[in-house]
Amino acid sequence: MSQVAGARSLWLGSARPARERLSTAMAALTRARRVQRLVDHGFFGLLVGLGLATVAVLVARLVPLPYAPWQLSSAAVTIAVALALLAGWQRRPDSLDVAIRADLALNLKQRLSTAWEIMTVRSDPELAERLSVQAVKAGLPIHPGRLFPLRVNRWGQLSALAAIALLLVSVVDLSWMQAPVPREVDEQVVREGQRLGAFGRAMQDRARREELPRSERQAERIERLGARMESGALNRDEALGQLRGMRESLDRERMQALADANQTDIGPLRGESSPLAPGSDPGAMRGRTQRGAPDSADTRALAERLADLEQSGVPRRDLENAPRRQMPGDNEQLRQMLEKLAQIDRARREDKELQSAREQVRLALENLGESADGIGDRRDPGINLDFDEEEDRGAKGQADAGADARRRSETARGAARSGSLGDSSVAPQRQLAPVGPDARDTGPVLKPESQAREGEVFVTEARVPPKPGRPSVENVMMSSEFASQVEEVLSKEQYPAHYKEFVRRYFLNLSKGRVPQQQPTDNRGAK
Amino acid sequence: MSDEARLALAHERLEALRRQIQRRIVGHHDLINGILACLLSSGHALLEGVPGLGKTLLVKTLSDALHLEFARIQFTPDLMPADIIGTQVVLQDEEGRRHFQFQQGPVFTQLLLADEINRATPKTQSALLEAMEEKRVTVGRTGHALQEPFMVLATQNPIEMEGTYPLPEAQLDRFLLKLNATYPGADELSEIVDRTTGAPMPSIEPVLSAGELLELRELVRSVVIADHVKDYAIRMVLATHAANGHATPMVRRYVRHGASPRGLLAIVLTAKALALFAGRINVSFDDLAAAAPPALRHRILLNFEGEAEGIDVENLIAEVIRETPTVPGETRA
């Protein structure tokens, strides 16, 4: 009986040669092993992912992050498991290693692995056939799923612990880890925060209604700052710093709003806004102009705004000729003038809102005790504040005014860079400037340097008398029972020996409510 | 003849030989297995045990069960190499002329029992070196080949050290296996009493000729050992060297010299014989693990610390087998 025939008798009716049968069995075993390793890798990835998720949740709960803890944890787990599965899929199991494991698991005495090695590595068909017959006889076919079952390996078991850790980290109170810093709530800051918050909300509503984007943004910032102050998150110094920054920001925004309007060559703008006559809305006027010839009301309204347009650089002759053209839709020059007027109006409304906001910020700064800096408030960077010099030189000509405006603007910016207005070189001038109680609501003079050109210049003075800082910390009742602590102090501190009695008397007198004026003479000098 | 047929025939012959031996010898299964493995692996065996355990009887029984020439040398301190190898003697012919003629010693046999080999001097012990390794004897300028199969079975007593000469390492290394004769159990002792104090000792019938033995030896050498199985044997042998990375903690501490390459050959050959006994044509990890103790125990030399602390080489080998993974990176089950 040949080996092959002998082996066939062991195959339960299969007519395939032993080597083919061995190859089939090994392919099935290798697949099963690959799936098993894939699951093993998955558990490893799960463990790593849960570990990372635990750390991420812990960090997210202790430190404010832009992502929610569940987002971080799910992302960590998903990425780790995906990477582990990918690595497991790419690491194909060695078939010989699979055969060795099968031998060990089934106690085949290395029949399978030896046959497989001879068949695949040594390429000895005759010997491979003999060994395959022996392997088939010993135990093949075998169930691959039983040999390499899908199991919960040690990584999977550890993953359960990691999941518990993640759950605990997610639900356990971690406030003890956050080292809370007790803060003293400053009632004045809270009150100012409430006031600023209310103002910010009202300003936001107005800005939204009147479609003033700059004012709306600044109103949001004011409201947020007010909320932070109201929550007690800021102490007085921090609130002052934030308010100063807000004040500078408002000034910049005002400047920018006016400069945007100036990009259309409207000429120098006045710091204060003039009221618009009824029916002189530039949008409505433009609509009527496009539909037909402007009526008498439009002509009158336009005449009222001639001053503004003239300031914006439109020649007077064009201004006079524009309303006279009668062809509907043909008056391009008039349409451009009306658009300029609309921009000017929007810039003025922005300016008005921002100026109002700035006043609120300034008031908050004052209430929080910024008396010295309150004067410097009128010398903010980027704004021409030194109106005294401007007035003195008012008659010297417009050219000089433009140059001075640029110079002063640079000086003010330099002061801003120095971090404190009080430290700037213009500080002595502030003390000499006239101070009037009525001028405080007017605000600073706004004159962007790009607008310094020929024409009338309007300056408005704003002066705020310095107020002494009002102590807002409540008086604290302190125990005057020093007698019991006097001896302790005397025993611990270092002082000249002949001061001992004086110190003792001092504390005892404090207990009685009076301070001794007498002091021992010390020729040697006290330490 | 197919593998199955050859295996069946070999199995039948070995079982017959085993049965004949067991007619006289009670127990000693491991010892018998080791001797048969040596016989099939073309090696020599050193049997160590206290007196009275039946070592000499076992060898004599084996010789009776084989169609082989048998000789016995009782090693004593005054034994000379010529007493083993033979010597030139002067002979006078009919014409009165004298000439030298080589008179063969007892080594010119097929199965040699070197009884109490450690009682002879190292000089005499060394007379067996060439015979054991090269299966030939050189006297003067003339070499004399020994007939195949040739096997030396030596015995020694581990407790009587006075008047003995421990075998040099070179001599020890030439023994394929060192087999320990263990003390029999109660049942075996009872059986021994019954067999030896009653009826006469049963006669042994020879069941295996020299030719059949050579066929079996050829079959043993045809047993396949896969690379990964061989790698396990190599790692085991390397683990007996203190300086090697595979060395176990005990080896690092107590071993001066590990097993030689002959030790690896001994393990593999013995494992092949054991695989054949089991009816397989491939070597398994278990075969190697079973072959390792008798193949390595006389090839590992302890250092001073190991000798001073009375370290048992058996424990050391057991640790090597336990700590050497069958698959690299995994612990042996």
# chains A, B, ... in the order shown; residues from 1 in each chain; ligands from 1
>>> interface_residues(of="chain A", to="chain B", cutoff="9 Å", atoms="only C-alpha atoms", output="ChimeraX atom specification")
/A:1-3,97,100-101,104,108-111,113-115,117-118,127,130-131,134
>>> residues_around(residues="region 12-24 of chain B", least_positions_apart="3", cutoff="10 Å", atoms="only C-alpha atoms", output="MDAnalysis selection string")
chainID B and resid 6:9 27:29 32:33 36 40 54 57:66 192 195:196 201:208 212:213 216 276:277
>>> residues_around(residues="Ser126 (chain B)", least_positions_apart="2", cutoff="12 Å", atoms="only C-alpha atoms", output="mmCIF file with N, CA and C atoms, in the first residue's frame")
data_model
loop_
_atom_site.group_PDB
_atom_site.id
_atom_site.type_symbol
_atom_site.label_atom_id
_atom_site.label_comp_id
_atom_site.auth_asym_id
_atom_site.auth_seq_id
_atom_site.Cartn_x
_atom_site.Cartn_y
_atom_site.Cartn_z
ATOM 1 N N LEU B 79 44.958 -2.093 35.974
ATOM 2 C CA LEU B 79 44.655 -2.428 34.573
ATOM 3 C C LEU B 79 45.475 -1.527 33.658
ATOM 4 N N MET B 80 46.045 -2.136 32.630
ATOM 5 C CA MET B 80 46.894 -1.381 31.703
ATOM 6 C C MET B 80 46.167 -1.224 30.363
ATOM 7 N N PRO B 81 46.543 -0.212 29.591
ATOM 8 C CA PRO B 81 45.901 -0.042 28.267
ATOM 9 C C PRO B 81 46.011 -1.279 27.390
ATOM 10 N N ALA B 82 47.155 -1.948 27.492
ATOM 11 C CA ALA B 82 47.326 -3.141 26.658
ATOM 12 C C ALA B 82 46.336 -4.222 27.042
ATOM 13 N N ILE B 84 43.400 -3.747 27.518
ATOM 14 C CA ILE B 84 42.139 -3.411 26.852
ATOM 15 C C ILE B 84 42.279 -3.544 25.337
ATOM 16 N N ILE B 85 43.341 -2.919 24.861
ATOM 17 C CA ILE B 85 43.491 -2.845 23.410
ATOM 18 C C ILE B 85 44.087 -4.137 22.849
ATOM 19 N N ILE B 117 34.398 1.633 35.507
ATOM 20 C CA ILE B 117 35.431 2.244 34.671
ATOM 21 C C ILE B 117 36.252 3.268 35.451
ATOM 22 N N ASN B 118 35.698 3.854 36.476
ATOM 23 C CA ASN B 118 36.434 4.885 37.202
ATOM 24 C C ASN B 118 37.455 4.297 38.178
ATOM 25 N N ALA B 120 39.945 2.400 37.094
ATOM 26 C CA ALA B 120 41.212 2.354 36.367
ATOM 27 C C ALA B 120 41.835 3.744 36.330
ATOM 28 N N THR B 121 43.144 3.742 36.073
ATOM 29 C CA THR B 121 43.837 5.028 36.011
ATOM 30 C C THR B 121 43.413 5.772 34.735
ATOM 31 N N PRO B 122 43.568 7.084 34.744
ATOM 32 C CA PRO B 122 43.226 7.832 33.528
ATOM 33 C C PRO B 122 43.963 7.338 32.305
ATOM 34 N N LYS B 123 45.179 6.875 32.497
ATOM 35 C CA LYS B 123 45.938 6.351 31.351
ATOM 36 C C LYS B 123 45.202 5.172 30.717
ATOM 37 N N THR B 124 44.714 4.300 31.551
ATOM 38 C CA THR B 124 43.998 3.137 31.037
ATOM 39 C C THR B 124 42.637 3.537 30.471
ATOM 40 N N LEU B 128 40.419 3.873 25.765
ATOM 41 C CA LEU B 128 39.143 3.682 25.079
ATOM 42 C C LEU B 128 38.763 4.868 24.183
ATOM 43 N N LEU B 129 39.518 5.958 24.306
ATOM 44 C CA LEU B 129 39.109 7.182 23.595
ATOM 45 C C LEU B 129 38.990 6.950 22.096
ATOM 46 N N GLU B 130 40.038 6.417 21.502
ATOM 47 C CA GLU B 130 40.036 6.226 20.052
ATOM 48 C C GLU B 130 38.976 5.210 19.635
ATOM 49 N N ALA B 131 38.884 4.165 20.449
ATOM 50 C CA ALA B 131 37.912 3.122 20.096
ATOM 51 C C ALA B 131 36.488 3.664 20.136
ATOM 52 N N MET B 132 36.203 4.453 21.114
ATOM 53 C CA MET B 132 34.839 4.964 21.251
ATOM 54 C C MET B 132 34.489 5.998 20.180
ATOM 55 N N GLU B 133 35.460 6.839 19.857
ATOM 56 C CA GLU B 133 35.144 7.921 18.932
ATOM 57 C C GLU B 133 35.251 7.480 17.480
ATOM 58 N N VAL B 137 41.381 1.059 16.599
ATOM 59 C CA VAL B 137 42.437 1.020 17.604
ATOM 60 C C VAL B 137 43.767 1.066 16.881
ATOM 61 N N TYR B 165 39.282 7.015 40.012
ATOM 62 C CA TYR B 165 39.829 8.107 39.191
ATOM 63 C C TYR B 165 38.678 8.659 38.361
ATOM 64 N N PRO B 166 38.220 9.824 38.743
ATOM 65 C CA PRO B 166 37.104 10.396 37.962
ATOM 66 C C PRO B 166 37.473 10.495 36.487
ATOM 67 N N LEU B 167 36.507 10.212 35.673
ATOM 68 C CA LEU B 167 36.770 10.231 34.227
ATOM 69 C C LEU B 167 37.083 11.648 33.766
ATOM 70 N N PRO B 168 38.113 11.792 32.968
ATOM 71 C CA PRO B 168 38.398 13.132 32.426
ATOM 72 C C PRO B 168 37.264 13.592 31.513
ATOM 73 N N GLU B 169 37.185 14.904 31.360
ATOM 74 C CA GLU B 169 36.073 15.479 30.578
ATOM 75 C C GLU B 169 36.068 14.950 29.141
ATOM 76 N N ALA B 170 37.255 14.766 28.579
ATOM 77 C CA ALA B 170 37.323 14.262 27.205
ATOM 78 C C ALA B 170 36.713 12.868 27.111
ATOM 79 N N GLN B 171 36.968 12.081 28.142
ATOM 80 C CA GLN B 171 36.415 10.723 28.145
ATOM 81 C C GLN B 171 34.893 10.761 28.343
ATOM 82 N N LEU B 172 34.483 11.616 29.271
ATOM 83 C CA LEU B 172 33.050 11.733 29.542
ATOM 84 C C LEU B 172 32.278 12.192 28.307
ATOM 85 N N ARG B 174 32.708 11.566 25.396
ATOM 86 C CA ARG B 174 32.522 10.546 24.357
ATOM 87 C C ARG B 174 31.364 9.606 24.656
#
>>> closest_residue(among="B:Ile25, B:Leu288, B:Val90, B:Met236", to="Val251 (chain B)", atoms="only C-alpha atoms")
B:Met236
>>> closest_residue(among="A:Arg346, A:Arg505, A:Arg61, A:His41", to="Pro213 (chain A)", atoms="only C-alpha atoms")
A:Arg346
>>> residues_around(residues="Arg154 (chain A)", least_positions_apart="3", cutoff="12 Å", atoms="only C-alpha atoms", output="list of chain:residue names")
A:Val39, A:Asp40, A:His41, A:Gly42, A:Phe43, A:Phe44, A:Leu46, A:Leu47, A:Arg151, A:Gln157, A:Leu158, A:Ser159, A:Ala160, A:Leu161
